[in-house]
Each structure stands twice: as C-alpha cells, then as structure tokens.
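Raw final.cif, mmCIF, C-alpha atoms and all ligand atoms:
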data_start
#
loop_
_atom_site.label_atom_id
_atom_site.label_comp_id
_atom_site.auth_asym_id
_atom_site.auth_seq_id
_atom_site.Cartn_x
_atom_site.Cartn_y
_atom_site.Cartn_z
CA MET G 1 110.96 92.81 118.34
CA LYS G 2 107.53 93.19 116.74
CA LEU G 3 105.32 95.87 118.24
CA VAL G 4 102.21 97.93 117.74
CA VAL G 5 101.87 101.31 119.51
CA LEU G 6 98.32 102.32 120.50
CA GLY G 7 97.01 105.50 122.08
CA PRO G 8 95.04 108.69 121.47
CA PRO G 9 96.29 111.30 119.00
CA GLY G 10 98.95 113.37 120.76
CA ALA G 11 99.81 110.73 123.36
CA GLY G 12 103.31 110.68 121.90
CA LYS G 13 103.16 107.52 119.77
CA GLY G 14 105.42 109.04 117.15
CA SER G 15 108.04 110.19 119.69
CA LEU G 16 107.99 106.85 121.49
CA ALA G 17 108.30 105.02 118.18
CA MET G 18 111.35 107.11 117.25
CA ALA G 19 112.96 106.42 120.66
CA ILE G 20 112.34 102.69 120.28
CA LYS G 21 113.80 102.83 116.81
CA ALA G 22 116.92 104.56 118.14
CA ALA G 23 117.26 102.04 121.00
CA THR G 24 116.55 98.81 119.12
CA GLY G 25 116.96 99.60 115.42
CA VAL G 26 113.56 98.18 114.50
CA ALA G 27 111.75 99.82 111.58
CA HIS G 28 109.03 102.37 112.29
CA ILE G 29 105.88 102.10 110.17
CA SER G 30 103.41 104.95 110.68
CA THR G 31 100.17 104.66 108.71
CA GLY G 32 99.71 108.43 109.12
CA ASP G 33 103.10 108.97 107.44
CA LEU G 34 102.36 106.39 104.72
CA LEU G 35 99.02 108.08 104.00
CA ARG G 36 100.55 111.58 103.93
CA GLU G 37 103.15 110.26 101.47
CA GLU G 38 100.35 108.90 99.24
CA MET G 39 98.59 112.28 99.42
CA LYS G 40 101.79 114.12 98.51
CA ASN G 41 102.21 111.84 95.47
CA GLU G 42 98.53 112.34 94.58
CA SER G 43 98.06 108.59 94.07
CA ASP G 44 94.48 107.25 93.75
CA LEU G 45 94.72 105.94 97.29
CA GLY G 46 96.10 109.28 98.53
CA LEU G 47 93.32 111.29 96.88
CA GLU G 48 90.69 108.93 98.28
CA ALA G 49 92.20 109.11 101.80
CA LYS G 50 92.54 112.91 101.86
CA LYS G 51 88.89 113.72 102.47
CA PHE G 52 88.78 111.48 105.54
CA ILE G 53 92.09 112.71 106.95
CA ASP G 54 91.28 116.40 106.53
CA SER G 55 88.06 116.00 108.50
CA GLY G 56 89.66 113.86 111.22
CA ASP G 57 87.74 110.70 110.31
CA LEU G 58 89.24 107.27 109.79
CA VAL G 59 90.29 106.21 106.34
CA PRO G 60 88.30 103.04 105.37
CA ASP G 61 89.80 99.85 106.80
CA GLU G 62 90.48 98.14 103.48
CA LEU G 63 92.57 101.06 102.15
CA VAL G 64 94.81 101.28 105.21
CA THR G 65 95.10 97.52 105.66
CA ARG G 66 96.17 97.15 102.04
CA LEU G 67 98.85 99.78 102.56
CA VAL G 68 100.22 98.00 105.66
CA GLU G 69 100.01 94.54 104.12
CA ASN G 70 101.98 95.68 101.05
CA LYS G 71 104.62 97.24 103.27
CA LEU G 72 104.96 94.15 105.49
CA LYS G 73 105.24 91.88 102.46
CA SER G 74 107.60 93.96 100.35
CA ASP G 75 110.08 95.40 102.84
CA SER G 76 112.76 92.89 103.83
CA THR G 77 114.23 95.28 106.43
CA LEU G 78 111.20 94.37 108.52
CA ASP G 79 112.54 90.86 109.03
CA LYS G 80 114.56 92.23 111.96
CA GLY G 81 111.41 93.54 113.59
CA TYR G 82 109.03 96.44 113.22
CA MET G 83 106.87 98.82 115.11
CA LEU G 84 103.48 99.80 113.77
CA ASP G 85 102.36 103.29 114.83
CA GLY G 86 98.75 104.33 114.18
CA PHE G 87 97.66 100.88 113.06
CA PRO G 88 95.47 99.04 113.98
CA ARG G 89 92.87 101.67 114.80
CA THR G 90 89.72 99.55 114.61
CA GLU G 91 88.83 96.04 115.72
CA VAL G 92 88.51 94.98 112.07
CA GLN G 93 92.07 96.20 111.41
CA ALA G 94 93.36 94.41 114.54
CA LYS G 95 91.87 91.11 113.40
CA ASP G 96 93.05 91.52 109.81
CA LEU G 97 96.55 92.36 111.07
CA ASN G 98 96.58 89.20 113.16
CA ARG G 99 95.64 87.13 110.15
CA ILE G 100 98.26 88.80 107.91
CA LEU G 101 101.03 88.40 110.51
CA LYS G 102 100.17 84.76 111.12
CA GLY G 103 100.54 84.13 107.39
CA LEU G 104 103.95 85.83 107.37
CA GLU G 105 105.06 84.17 110.63
CA LYS G 106 105.81 87.61 112.08
CA GLU G 107 103.42 87.68 115.00
CA LEU G 108 103.41 90.51 117.54
CA ASP G 109 105.50 90.44 120.71
CA TYR G 110 103.83 93.42 122.40
CA ALA G 111 101.11 96.01 122.01
CA ILE G 112 102.20 99.20 123.78
CA TYR G 113 99.36 101.37 125.03
CA LEU G 114 100.21 105.02 125.61
CA GLU G 115 97.54 106.86 127.63
CA ALA G 116 97.32 110.68 127.92
CA SER G 117 94.84 113.24 129.26
CA LEU G 118 92.85 115.63 127.03
CA PRO G 119 94.43 118.98 128.10
CA ILE G 120 97.90 117.59 127.43
CA ILE G 121 96.80 116.17 124.09
CA LEU G 122 95.37 119.52 122.97
CA LYS G 123 98.50 121.40 123.96
CA ARG G 124 100.78 118.88 122.25
CA LEU G 125 98.86 118.77 118.99
CA THR G 126 98.09 122.45 118.50
CA GLY G 127 101.80 123.30 119.07
CA ARG G 128 103.19 120.44 117.02
CA ARG G 129 105.39 121.10 113.98
CA VAL G 130 106.65 118.39 111.63
CA CYS G 131 109.65 118.29 109.28
CA ARG G 132 108.41 118.05 105.70
CA ASN G 133 111.58 116.18 104.74
CA CYS G 134 112.40 113.66 107.52
CA GLY G 135 109.28 113.64 109.71
CA ALA G 136 111.09 114.80 112.87
CA LEU G 137 108.74 116.31 115.47
CA PHE G 138 109.04 119.71 117.17
CA HIS G 139 106.83 121.80 119.43
CA MET G 140 106.29 125.57 119.69
CA THR G 141 106.75 125.57 123.49
CA ASN G 142 108.04 122.12 124.55
CA LYS G 143 110.63 121.44 121.88
CA LEU G 144 111.62 124.46 119.84
CA PRO G 145 113.93 123.95 116.88
CA LYS G 146 117.27 125.80 117.10
CA GLN G 147 116.24 127.97 114.15
CA GLU G 148 112.60 128.91 113.67
CA GLY G 149 110.84 126.86 110.99
CA VAL G 150 113.91 124.71 110.26
CA CYS G 151 114.53 121.05 111.20
CA ASP G 152 117.53 120.51 113.56
CA GLN G 153 118.22 117.11 112.03
CA CYS G 154 118.14 117.72 108.28
CA GLY G 155 117.50 121.43 107.67
CA GLY G 156 114.09 120.65 106.15
CA GLU G 157 111.09 122.97 106.38
CA LEU G 158 108.79 122.63 109.42
CA TYR G 159 105.03 122.78 108.93
CA GLN G 160 101.82 122.40 110.88
CA ARG G 161 99.60 119.48 109.85
CA ALA G 162 96.21 120.56 108.46
CA ASP G 163 94.47 118.21 110.91
CA ASP G 164 96.25 119.65 113.98
CA ASN G 165 93.56 122.27 114.66
CA GLU G 166 91.22 122.19 117.70
CA GLU G 167 88.09 121.21 115.81
CA THR G 168 89.67 118.30 113.95
CA ILE G 169 91.53 117.19 117.09
CA LYS G 170 88.17 116.86 118.90
CA THR G 171 86.83 114.69 116.06
CA ARG G 172 89.99 112.55 116.12
CA MET G 173 89.59 112.13 119.89
CA ASP G 174 85.95 111.01 119.52
CA VAL G 175 86.92 108.62 116.76
CA TYR G 176 89.69 107.26 118.97
CA LEU G 177 87.43 106.65 121.97
CA LYS G 178 84.78 104.95 119.86
CA ASN G 179 86.92 102.81 117.52
CA THR G 180 90.43 102.46 118.84
CA LYS G 181 90.26 102.37 122.64
CA PRO G 182 88.25 99.10 122.59
CA ILE G 183 91.05 97.25 120.83
CA THR G 184 93.27 97.65 123.91
CA ASP G 185 90.98 95.04 125.48
CA TYR G 186 91.57 92.80 122.51
CA TYR G 187 95.34 92.88 123.12
CA ARG G 188 94.94 92.73 126.90
CA GLY G 189 93.02 89.52 126.29
CA SER G 190 95.92 88.05 124.33
CA GLY G 191 98.28 88.97 127.20
CA ILE G 192 100.63 91.18 125.17
CA LEU G 193 99.45 94.66 126.28
CA LYS G 194 101.97 96.98 128.02
CA GLU G 195 100.59 100.24 129.42
CA ILE G 196 102.58 103.48 129.59
CA ASP G 197 101.78 106.91 131.00
CA GLY G 198 101.85 109.20 127.94
CA ASP G 199 101.64 112.36 130.10
CA ALA G 200 105.29 111.83 131.02
CA GLN G 201 107.79 113.97 129.16
CA THR G 202 109.97 112.63 126.40
CA GLU G 203 112.99 112.61 128.74
CA ASP G 204 111.29 109.84 130.72
CA LEU G 205 111.12 107.62 127.67
CA GLN G 206 114.39 105.91 128.50
CA ARG G 207 112.93 104.77 131.81
CA VAL G 208 109.78 103.68 130.03
CA LEU G 209 111.70 101.67 127.46
CA THR G 210 113.69 99.91 130.18
CA GLN G 211 110.40 99.14 131.90
CA ILE G 212 109.00 97.57 128.73
CA PHE G 213 111.97 95.58 127.58
CA ASP G 214 113.46 94.49 130.92
CA GLY G 215 110.36 94.30 133.04
CA ARG G 216 108.52 91.73 130.92
P1 LIG G 301 97.44 111.00 115.04
O1 LIG G 301 97.84 109.72 115.71
O2 LIG G 301 98.21 112.18 115.51
O3 LIG G 301 95.97 111.23 115.01
P2 LIG G 301 98.25 109.92 112.40
O4 LIG G 301 99.36 110.59 111.68
O5 LIG G 301 98.51 108.58 112.99
O6 LIG G 301 97.80 110.96 113.51
O7 LIG G 301 96.96 109.81 111.46
C1 LIG G 301 96.43 110.93 110.78
C2 LIG G 301 95.14 110.54 110.09
O8 LIG G 301 95.38 109.49 109.15
C3 LIG G 301 94.05 109.99 111.01
O9 LIG G 301 93.28 111.02 111.60
C4 LIG G 301 93.23 109.14 110.02
O10 LIG G 301 92.39 109.95 109.23
C5 LIG G 301 94.29 108.56 109.12
N1 LIG G 301 94.76 107.24 109.59
C6 LIG G 301 96.01 106.92 110.03
N2 LIG G 301 96.10 105.62 110.39
C7 LIG G 301 94.87 105.09 110.16
C8 LIG G 301 94.29 103.80 110.34
N3 LIG G 301 95.00 102.79 110.86
N4 LIG G 301 92.99 103.63 110.00
C9 LIG G 301 92.25 104.64 109.50
N5 LIG G 301 92.72 105.88 109.31
C10 LIG G 301 94.01 106.12 109.64
ZN ZN G 302 114.08 116.97 109.06
#

Using structure tokens, write down the structure from this file.
Amino acid sequence: MKLVVLGPPGAGKGSLAMAIKAATGVAHISTGDLLREEMKNESDLGLEAKKFIDSGDLVPDELVTRLVENKLKSDSTLDKGYMLDGFPRTEVQAKDLNRILKGLEKELDYAIYLEASLPIILKRLTGRRVCRNCGALFHMTNKLPKQEGVCDQCGGELYQRADDNEETIKTRMDVYLKNTKPITDYYRGSGILKEIDGDAQTEDLQRVLTQIFDGR
C-alpha cells in the first residue's frame, strides 16, 4: 500500500498515519519529523530549514523533495509500502513526487485527504505534546499521558513544538489553504483521492480505515 496523507495542520495526519502503520505495517514517513531530526543534528539542511519552520512558512521545495527522494531511494523497508505524511505540500512537490515514484516504479495507490474545522485545529495544536524520543502524540485535555510530561510508550520526555503557538498556527493554516489545499484537486483528477472527516475522534479511526481499505 502506497499512500500520501493530506490535510491542514492539526487534522490528525500524524495520528491517522500511526493507526495505518499499526494496521498494515507500512512505513510512516513524515517530512516534519525528518526536518526536526535534521534540525536536532544541526545539519546544513536542518539549519537552513529552521528559519522557515519556526515562522510557520514552508521549507523550499527543493530541500524537502531532496530529503524525501533520498529516503525513498535508500530505505529498502519501503518496498512493502509507505505512507507519506506532510508531503507533498505544494503542486511543485506533488508533480516532482509523481516523477520520482514513476522512476522507482512505486506509484501511489491512494491520497487520503483529512479535513478538519479551524476551532478543532486550534484546540488540537495548542494542547499537543510530542515525545522527544519516539514521536508519540499526546494532548493536554484529549489524551493525557499517565504521568505528566512522560511518554506512555517509551518513558521519553514530552515537549511542546515551538511552532504549536496560536500565531504560527494561523500562518501554517494560511500557507495550507494557499499552497496545499489545491493539490487535493490534482489527486482527485487522478482518481485516487479518499476523503475523511478529520473532526472525528481517534477512536473512530478504525471505522475510517475499514472505509478506506474495504470500501474502494
Ligand atoms: P503540521 O502538519 O502539524 O503543520 P509538520 O510536522 O508536518 O506539521 O511540519 C512542520 C513544518 O515543517 C511545516 O510548518 C513546514 O515549515 C515544514 N514542512 C514539513 N513538510 C514540508 C513540506 N512538504 N514542504 C515544505 N515545508 C514542510
Ligand atoms: Zn515516546
């Protein structure tokens, strides 16, 4: 199964991706996670990307596309399938991805489009906490960890992303509407778009997954 997951920040792309990974075993590639890893390692690419990420703007297409292309080419675990989360985010990226995947004979099966409303997005993102070690997601009201500040899965430290503040979230939302929303039409045109209501709670994901994979 080869998928991309599209949707506004806070629609639950990361949670859906993790549920799909648990259900199907396909690898989860998040460009946000890849970029945060580069920033943590203070690589040239990470340092270059940081200024865009901290302000909520998109990292330039060629940097992100290079990161994804390297991953797709070098990671043999992806032969079983993969799910791209947070990429593509612009029409240029969508077209480049198509070209890269054609070359690798790993073309997409579906593009999953997760829609969510602004009040829900704001609440999800401002309360979000992430495990520094394994990337697991928690929430200050919706999904509290058993012990404050500590990951249930690995005991790692939970933190709040620097870009999960109201001002940066608004910028990310504007960027999404301008650059990313239009590419849903691109995938609708190729007949592989599957739409999902992102306002639904995580518990409904099982139903959603069945809908995607059995309802074809
Ligand atoms: P979210 O989906 O919650 O906004 P991500 O973790 O996917 O967060 O991305 C965080 C930031 O990383 C984005 O705001 C953007 O600056 C950068 N980024 C991630 N993926 C891409 C991409 N495909 N193209 C450009 N920038 C990206
Ligand atoms: Zn963890």

Which protein, DNA or RNA residues are at most 12 Å from (88.4, 121.1, 120.3) in the file's coordinates when you count only C-alpha atoms, listed as a PDB file with C-alpha atoms, in the coordinates of the input?
ATOM      1  CA  GLY G  56      89.660 113.860 111.220  1.00  0.00           C
ATOM      2  CA  LEU G 118      92.850 115.630 127.030  1.00  0.00           C
ATOM      3  CA  PRO G 119      94.430 118.980 128.100  1.00  0.00           C
ATOM      4  CA  ILE G 121      96.800 116.170 124.090  1.00  0.00           C
ATOM      5  CA  LEU G 122      95.370 119.520 122.970  1.00  0.00           C
ATOM      6  CA  LYS G 123      98.500 121.400 123.960  1.00  0.00           C
ATOM      7  CA  LEU G 125      98.860 118.770 118.990  1.00  0.00           C
ATOM      8  CA  THR G 126      98.090 122.450 118.500  1.00  0.00           C
ATOM      9  CA  ASP G 163      94.470 118.210 110.910  1.00  0.00           C
ATOM     10  CA  ASP G 164      96.250 119.650 113.980  1.00  0.00           C
ATOM     11  CA  ASN G 165      93.560 122.270 114.660  1.00  0.00           C
ATOM     12  CA  GLU G 166      91.220 122.190 117.700  1.00  0.00           C
ATOM     13  CA  GLU G 167      88.090 121.210 115.810  1.00  0.00           C
ATOM     14  CA  THR G 168      89.670 118.300 113.950  1.00  0.00           C
ATOM     15  CA  ILE G 169      91.530 117.190 117.090  1.00  0.00           C
ATOM     16  CA  LYS G 170      88.170 116.860 118.900  1.00  0.00           C
ATOM     17  CA  THR G 171      86.830 114.690 116.060  1.00  0.00           C
ATOM     18  CA  ARG G 172      89.990 112.550 116.120  1.00  0.00           C
ATOM     19  CA  MET G 173      89.590 112.130 119.890  1.00  0.00           C
ATOM     20  CA  ASP G 174      85.950 111.010 119.520  1.00  0.00           C
TER      21      ASP G 174
END

Practice item. Check the smallest atom-to-atom distance from each of G:Leu3, G:Ala23, G:Leu35, G:Val130 to G:Leu97 using only C-alpha atoms, then report the winner. Key: G:Leu3

**Study point:** Distance query G:Cys134 at most 10 Å, only C-alpha atoms, self and fewer than 2 positions along chain excluded, as a PyMOL selection string
**Key:** chain G and resi 130-132+136-137+151+153-158

Check your understanding: Taking (107.8, 108.9, 121.2) in the file's coordinates, which residues come within 10 Å, counting all atoms listed in the file, written as a list in words?
Key -> Val5, Gly10, Ala11, Gly12, Lys13, Gly14, Ser15, Leu16, Ala17, Met18, Ala19, Ile20, Lys21, Leu114, Leu137, Gly198, Gln201, Thr202, Glu203 and Leu205 of chain G

Exercise for review: Extract, using all atoms listed in the file, all DNA, RNA and protein residues at most 9 Å from G:Thr184, discarding same-chain residues fewer than 6 positions from it, and format them as an MDAnalysis selection string.
Suggested key: chainID G and resid 6:7 111 113 193

Review point. G:Lys73: which residues within 12 Å, counting only C-alpha atoms, same-chain residues fewer than 4 positions away excluded, as a list in words?
Key: Arg66, Leu67, Val68, Glu69, Thr77, Leu78, Asp79, Ile100, Leu101, Gly103, Leu104, Glu105 and Lys106 of chain G

Hey, could you make a per-residue contact list for chain G against ligand LIG 301 (chain G) with 7 Å as the cut-off, showing the nearest pair of atoms and its distance in Å to one decimal, counting all atoms listed in the file, sorted by chain and number, as a Markdown table?
| residue | atom | partner | partner_atom | distance |
| --- | --- | --- | --- | --- |
| G:Pro8 | CA | G:LIG301 | O1 | 6.5 |
| G:Pro9 | CA | G:LIG301 | O1 | 4.0 |
| G:Gly10 | CA | G:LIG301 | O2 | 5.4 |
| G:Ser30 | CA | G:LIG301 | O5 | 6.5 |
| G:Thr31 | CA | G:LIG301 | N2 | 4.5 |
| G:Gly32 | CA | G:LIG301 | O4 | 3.4 |
| G:Asp33 | CA | G:LIG301 | O4 | 5.9 |
| G:Leu35 | CA | G:LIG301 | O8 | 6.5 |
| G:Phe52 | CA | G:LIG301 | O10 | 5.4 |
| G:Ile53 | CA | G:LIG301 | O10 | 3.6 |
| G:Gly56 | CA | G:LIG301 | O9 | 4.6 |
| G:Asp57 | CA | G:LIG301 | O10 | 4.8 |
| G:Leu58 | CA | G:LIG301 | N5 | 3.8 |
| G:Val59 | CA | G:LIG301 | N5 | 3.9 |
| G:Pro60 | CA | G:LIG301 | C9 | 5.9 |
| G:Asp61 | CA | G:LIG301 | N4 | 5.9 |
| G:Val64 | CA | G:LIG301 | N4 | 5.6 |
| G:Asp85 | CA | G:LIG301 | O5 | 6.8 |
| G:Gly86 | CA | G:LIG301 | O5 | 4.4 |
| G:Phe87 | CA | G:LIG301 | N3 | 3.9 |
| G:Pro88 | CA | G:LIG301 | N3 | 4.9 |
| G:Arg89 | CA | G:LIG301 | N3 | 4.6 |
| G:Thr90 | CA | G:LIG301 | N4 | 7.0 |
| G:Arg172 | CA | G:LIG301 | O9 | 5.8 |

Review point. With distances taken over only C-alpha atoms and all ligand atoms, which of G:Thr141, G:Asn98, G:Asn133, G:Ser76 is nearest to ligand ZN 302 (chain G)?
Key: G:Asn133

Practice item. Could you tell me which of G:Ala116, G:Ile29, G:Gln160, G:Met1 comes closest to G:Glu195 if we count only C-alpha atoms? Key: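 Checking each of G:Ala116, G:Ile29, G:Gln160, G:Met1 against G:Glu195, counting only C-alpha atoms, the winner is G:Ala116.
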
Practice item. One decimal, Å: what's the distance from atom CA of G:Val4 over to atom CA of G:Arg188, could you say? Key: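 Separation of atom CA of G:Val4 and atom CA of G:Arg188: 12.8 Å.
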
Practice item. Just give me the gap between atom CA of G:Gly149 and atom CA of G:Arg36 in Å, one decimal is fine. Key: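 These atoms are spaced 19.7 Å apart.
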
Taking all atoms of stretch 26-38 of chain G that the file lists, what box with edges along x, y and z, padded by 6 Å per side, do you get, with centre and edge lengths in Å to one decimal, as AutoDock Vina command-line options?
--center_x 106.3 --center_y 104.9 --center_z 106.9 --size_x 26.5 --size_y 25.4 --size_z 27.3

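Between atom CA of G:Met39 and atom CA of G:Asn70 lies a distance of 17.0 Å.
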